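**Student:** Input: one structure, supplied below.
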Amino acid sequence: MAEQKLEVIRHSLAHIMAAAVQKLHPEAQFGVGPVVENGFYYDMKLNSTLKPEDLKAVEKEMRAIIGSKVDFEREDWDIDKAIEYFADHKQPFKVELLNDLKTKGSTAVADAGDSDLVDVAAKVTTVSVYKTGNFVDLCRGPHVKNTGDIDANGFKLTKISGAYWRGNEDNPQLQRIYGVAFEDKDQLQKNLQMLEEAEKRDHRKLSEQLGIYMLSPVVGAGLPLMLPRGEKIKAILKDYMRQKEESLGYKYVSTPVLAHEELYKQSGHADYYTDDMFSLTDSEGQRFYIKPMNCPHHHQIYKKLVTSYRDLPLKLAEDDGLYRHELSGTLTGLIRVRGPITQNDAHIYVTEQQCEEEFGKFIDLFKEVYKEVGIKDYWFRLSLPDFKKDKFVGKKSTWENASNIIRKVLKDKNVDFVEAEGEAAFYGPKADIQVKNVLGKEDTIATCQVDILVPHRMGLKYVDEEGEEKAPLIIHRAILGSYERFMAFMIEQTAGVFPLWLAPEQVRVLPISEKFVDYAQSISSKLKENGVRHQVDDSSESLGKRIRNAELMKVPYVVVVGEKEQESKTVAVRKYGQGDLGSQSVDEFVTTLLKNTSERSLD
């Protein structure tokens, strides 16, 4: 009940913010202003570009509206009256929405992300509007009765960003003002403190500081360039997963980045996924797609390798780059990119009898990996179809059987899980692994899906013990998701302090002066012999500055060498976050490094 009340407050504040902007900028043209997690936003077109400092004036006007205790008044209008009103008041975005409601029905509006406007699934003849003083908005509500019902100190406007109208980059770009809101000032302050901490951990800022990746406008949005340190982390993770997977019988393959459209017609992705795929046409008029996922390619390899049940289970893995046509407004650092999306991808082809065992092995591997990378707070979500709302191809009993297999494994493995209807993939139920990001928001970090449909669509067969042809089940799994997204998550969770075994630079060697460079280089040779990632900083900067530089790069260990260390064949060791650890012999120090790396210590 409290959450519903808070949502009404946030929805009302979105209107109050728009009313405040309209008073300060009478030319403003408004898009939509929905409630989002912890707050709200409103999209608008203005003659001038807002700056962060402009938010204070908007907040001041909002508080004045709240203090004036203005009623929220609802009226139901004939849709033609509404179109005429918003056209007369130069609100083209509202007119566009109304025309869609009139001619296409509410489904078209909901598909564009404007589902807060209507709650029926048919063409619309009447709409509701809300008046807040002189501000009139198209909305289904509900709102607070009076602006005075809102705590004037319980909200804050947080940022301004660009957003394409209805998420389409071919449409006008609007300005989006975000706000957070709670029932009172104390709750607001707690949230603002969390946001402040989250900003410090933002992987985009930390990646700039740590030299992880860069973006170039001439390369394109959503196409990050991995810098040496970022590529090293990615390579370590890829080698780590490949070693584990191959020890469990996975076979790595590599497939082309292009495929003919016929492949995706067979798999069904052309029906369900085409808007998210980059395409091109060759000189002969044939259409190709840039690979957005590996599974259709792997199914072709299955046909080559499998004839009998004796060939199963077959575990095919691949970590080549994928590319997806994500809307530019949704792109976020390494979390959401167009490519490369380097998935820790695998497809396990099984008989129905093998499915439970292999799904269980996935859970075991997942738990082992996440323990070693240091992620403890996660839970599983059994993502099921919603037979009441969505249409699913195939027999209901087949869907239920696959869902029951996953449910049984999750129970047998004693893992925390919740069930969520309507979250299944189009080809089967799945277990999604959920985490909380630094903003406290739930994210899916990994997934494992049971595919019950595509094997039939693509004619995948094997001959069983009785000599009959059967279609396999396919377990799609990505334990780390994509390496890029996982790196972003790790950077934010650790504030950029990677465990020793994952750190791109494990040790930095600092000679006190140039007299001890040769000794520093001898230590470097020892580290190199043992595969320790390191560098020697013998620049002319002061020792204190060089130590600070290493700490800014969050290097796990710094060793300082001078006359005392050279004579005793030792190093003075500093550990990130702990400071001076005292002197150690070179052999002792290297042994400690190798032990912690091989054991994947998180200390």
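Residues in the structure tokens are numbered from 1 in each chain, the chains being A, B, ... in the order shown, and ligands are numbered from 1 in the order shown.
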Do a neighbour search on A:Val337 at 8 Å with only C-alpha atoms, toss out local chain neighbours closer than 4 positions, and write the hits as a PyMOL selection string.
**Tutor:** chain A and resi 222-224+324+326+331-333+341
**Student:** Running DSSP on the backbone, which parts of stretch 4-237 of chain A land in helix (DSSP H, G or I), as an MDAnalysis selection string?
**Tutor:** chainID A and resid 4:24 52:67 79:88 92:103 106:111 147:149 165:167 185:201 203:210 228:237
**Student:** For A:Pro499, which residue out of A:Ile405, A:Gly531, A:Glu599, A:Asp412 is the nearest one, using only C-alpha atoms?
**Tutor:**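 Smallest separation from A:Pro499 among the options: A:Glu599.
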**Student:** Residues of stretch 219-350 of chain A in strand (DSSP E or B) according to DSSP, as a ChimeraX atom specification?
**Tutor:** /A:225-226,251-252,258-260,279-281,287-290,308,314-318,321-322,332,336,341-350
**Student:** Considering only C-alpha atoms, return as a compact mmCIF listing (two decimals) with C-alpha atoms, in the first residue's frame whatever protein or nucleic-acid residues lie within 6 Å of stretch 482-491 of chain A, sequence-local ones (same chain, fewer than 4 positions apart) excluded.
**Tutor:**
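In the end it all went to selection_38.txt:
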```txt
# COMPACT_ATOMS: atom_id res chain seq x y z
CA HIS A 203 31.96 2.27 -14.29
CA LEU A 334 29.82 -1.21 -21.27
CA ILE A 335 26.47 -2.22 -19.79
CA ILE A 341 28.92 -8.15 -27.19
CA THR A 342 31.35 -10.89 -26.25
CA GLN A 343 29.13 -13.45 -24.60
CA ASN A 344 30.34 -16.22 -22.36
CA ALA A 495 34.84 0.41 -7.06
CA GLY A 496 37.53 -0.62 -9.54
```
**Student:** Would you compute the distance between atom CA of A:Val21 and atom CA of A:Glu61? Give it in Å to one decimal.
**Tutor:**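 Between atom CA of A:Val21 and atom CA of A:Glu61 the gap works out to 8.2 Å.
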**Student:** Quick one: of A:Gly148, A:Gly285, A:Pro511, A:Gly167, who's nearest to A:Leu543, counting only C-alpha atoms?
**Tutor:**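 Of all the options, A:Pro511 lies closest to A:Leu543.
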**Student:** Skipping near chain neighbours, those fewer than 2 positions away, what residues fall within 10 Å of A:Val571 using only C-alpha atoms, listed as a ChimeraX atom specification?
**Tutor:** /A:509-510,520,523,558-562,564-566,568-569,573-574,582-589
**Student:** Find the residue from A:Gly339, A:Pro504, A:Gly374, A:Pro296 that sits nearest to A:Ile474; use only C-alpha atoms when measuring.
**Tutor:**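 The closest residue to A:Ile474 is A:Pro296.
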**Student:** Would you please work out which residue, of A:Val418, A:Ile150, A:Val124, A:Leu98, is nearest to A:Val8 when using only C-alpha atoms?
**Tutor:**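 Going through A:Val418, A:Ile150, A:Val124, A:Leu98 one by one, the smallest distance to A:Val8 is for A:Ile150.
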**Student:** Tell me which protein, DNA and RNA residues are within 7 Å of A:Pro34, counting only C-alpha atoms, leaving out same-chain ones fewer than 3 positions away, and put them as a compact mmCIF listing (two decimals) with all heavy atoms, in the first residue's frame.
**Tutor:**
```txt
# COMPACT_ATOMS: atom_id res chain seq x y z
N HIS A 11 4.12 10.23 -9.55
CA HIS A 11 3.38 10.58 -10.76
C HIS A 11 2.91 12.03 -10.70
O HIS A 11 2.99 12.79 -11.67
CB HIS A 11 2.20 9.63 -10.91
CG HIS A 11 1.63 9.59 -12.30
ND1 HIS A 11 0.62 8.77 -12.66
CD2 HIS A 11 1.94 10.30 -13.41
CE1 HIS A 11 0.33 8.94 -13.93
NE2 HIS A 11 1.12 9.87 -14.41
N PHE A 40 10.84 9.84 -11.09
CA PHE A 40 10.04 10.20 -12.25
C PHE A 40 10.92 10.96 -13.24
O PHE A 40 12.06 11.35 -12.91
CB PHE A 40 8.87 11.10 -11.83
CG PHE A 40 9.31 12.35 -11.10
CD1 PHE A 40 9.56 13.54 -11.77
CD2 PHE A 40 9.51 12.33 -9.72
CE1 PHE A 40 9.98 14.67 -11.09
CE2 PHE A 40 9.93 13.46 -9.03
CZ PHE A 40 10.16 14.63 -9.72
N TYR A 41 10.41 11.14 -14.44
CA TYR A 41 11.06 12.05 -15.39
C TYR A 41 10.00 12.65 -16.28
O TYR A 41 8.85 12.20 -16.30
CB TYR A 41 12.16 11.36 -16.21
CG TYR A 41 11.70 10.35 -17.24
CD1 TYR A 41 11.14 10.75 -18.45
CD2 TYR A 41 11.87 8.98 -17.03
CE1 TYR A 41 10.74 9.83 -19.41
CE2 TYR A 41 11.47 8.04 -17.98
CZ TYR A 41 10.90 8.48 -19.18
OH TYR A 41 10.50 7.57 -20.12
N TYR A 42 10.37 13.69 -17.02
CA TYR A 42 9.49 14.24 -18.05
C TYR A 42 10.36 14.65 -19.24
O TYR A 42 11.43 15.24 -19.06
CB TYR A 42 8.69 15.45 -17.53
CG TYR A 42 7.27 15.48 -18.09
CD1 TYR A 42 6.18 15.40 -17.24
CD2 TYR A 42 7.04 15.55 -19.46
CE1 TYR A 42 4.87 15.38 -17.74
CE2 TYR A 42 5.75 15.54 -19.96
CZ TYR A 42 4.67 15.45 -19.10
OH TYR A 42 3.39 15.43 -19.61
N ASP A 116 1.06 4.60 -19.65
CA ASP A 116 0.41 5.27 -18.55
C ASP A 116 -0.74 6.16 -19.02
O ASP A 116 -1.50 6.68 -18.21
CB ASP A 116 1.42 6.13 -17.76
CG ASP A 116 2.01 7.25 -18.59
OD1 ASP A 116 2.24 7.02 -19.78
OD2 ASP A 116 2.21 8.34 -18.03
```
**Student:** For A:Tyr252, find every residue with an atom within 12 Å (counting only C-alpha atoms), except residues of its own chain fewer than 5 positions away, and show them as an MDAnalysis selection string.
**Tutor:** chainID A and resid 238:239 241:247 298 301 314:320 344:348
**Student:** Nearest to A:Lys461: which of A:Asp311, A:Val373, A:Ser601, A:Lys413 is it, counting only C-alpha atoms?
**Tutor:**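 Checking each candidate against A:Lys461, we get A:Asp311 as the closest.
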**Student:** Enumerate, in order of chain and increasing residue number, the residues of stretch 543-576 of chain A with an atom no farther than 12 Å from stretch 209-216 of chain A, each with its shortest atom pair and distance in Å to one decimal, counting only C-alpha atoms, as JSON lines.
**Tutor:**
```
{"residue": "A:Asn549", "atom": "CA", "partner": "A:Leu210", "partner_atom": "CA", "distance": 10.7}
{"residue": "A:Ala550", "atom": "CA", "partner": "A:Leu210", "partner_atom": "CA", "distance": 10.3}
{"residue": "A:Glu551", "atom": "CA", "partner": "A:Leu210", "partner_atom": "CA", "distance": 10.4}
{"residue": "A:Leu552", "atom": "CA", "partner": "A:Gln209", "partner_atom": "CA", "distance": 7.6}
{"residue": "A:Met553", "atom": "CA", "partner": "A:Leu210", "partner_atom": "CA", "distance": 5.4}
{"residue": "A:Lys554", "atom": "CA", "partner": "A:Leu210", "partner_atom": "CA", "distance": 7.9}
{"residue": "A:Val555", "atom": "CA", "partner": "A:Leu210", "partner_atom": "CA", "distance": 9.8}
```
**Student:** Convert the current residue selection to file output with C-alpha atoms, as a PDB file, in the first residue's frame.
**Tutor:**
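File produced: part12.pdb:
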```pdb
ATOM      1  CA  ASN A 549      49.664   7.465  -9.191  1.00  0.00           C
ATOM      2  CA  ALA A 550      49.697   3.724  -8.484  1.00  0.00           C
ATOM      3  CA  GLU A 551      46.908   4.103  -5.934  1.00  0.00           C
ATOM      4  CA  LEU A 552      44.805   6.080  -8.405  1.00  0.00           C
ATOM      5  CA  MET A 553      45.135   3.145 -10.791  1.00  0.00           C
ATOM      6  CA  LYS A 554      44.192   0.831  -7.887  1.00  0.00           C
ATOM      7  CA  VAL A 555      47.262  -1.377  -8.396  1.00  0.00           C
TER       8      VAL A 555
END
```
**Student:** Give me the residues within 8 Å of A:Phe359 as a list in words, counting only C-alpha atoms and dropping any in the same chain fewer than 3 places off.
**Tutor:** Cys355, Glu356, Phe362, Ile363, Ile406, Val409 and Ile475 of chain A
**Student:** Just checking: using only C-alpha atoms, which residue out of A:Lys595, A:Arg74, A:Lys436, A:Arg477 ends up closest to A:Asp377?
**Tutor:**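 Answer, going by the shortest atom-to-atom distance: A:Lys436.
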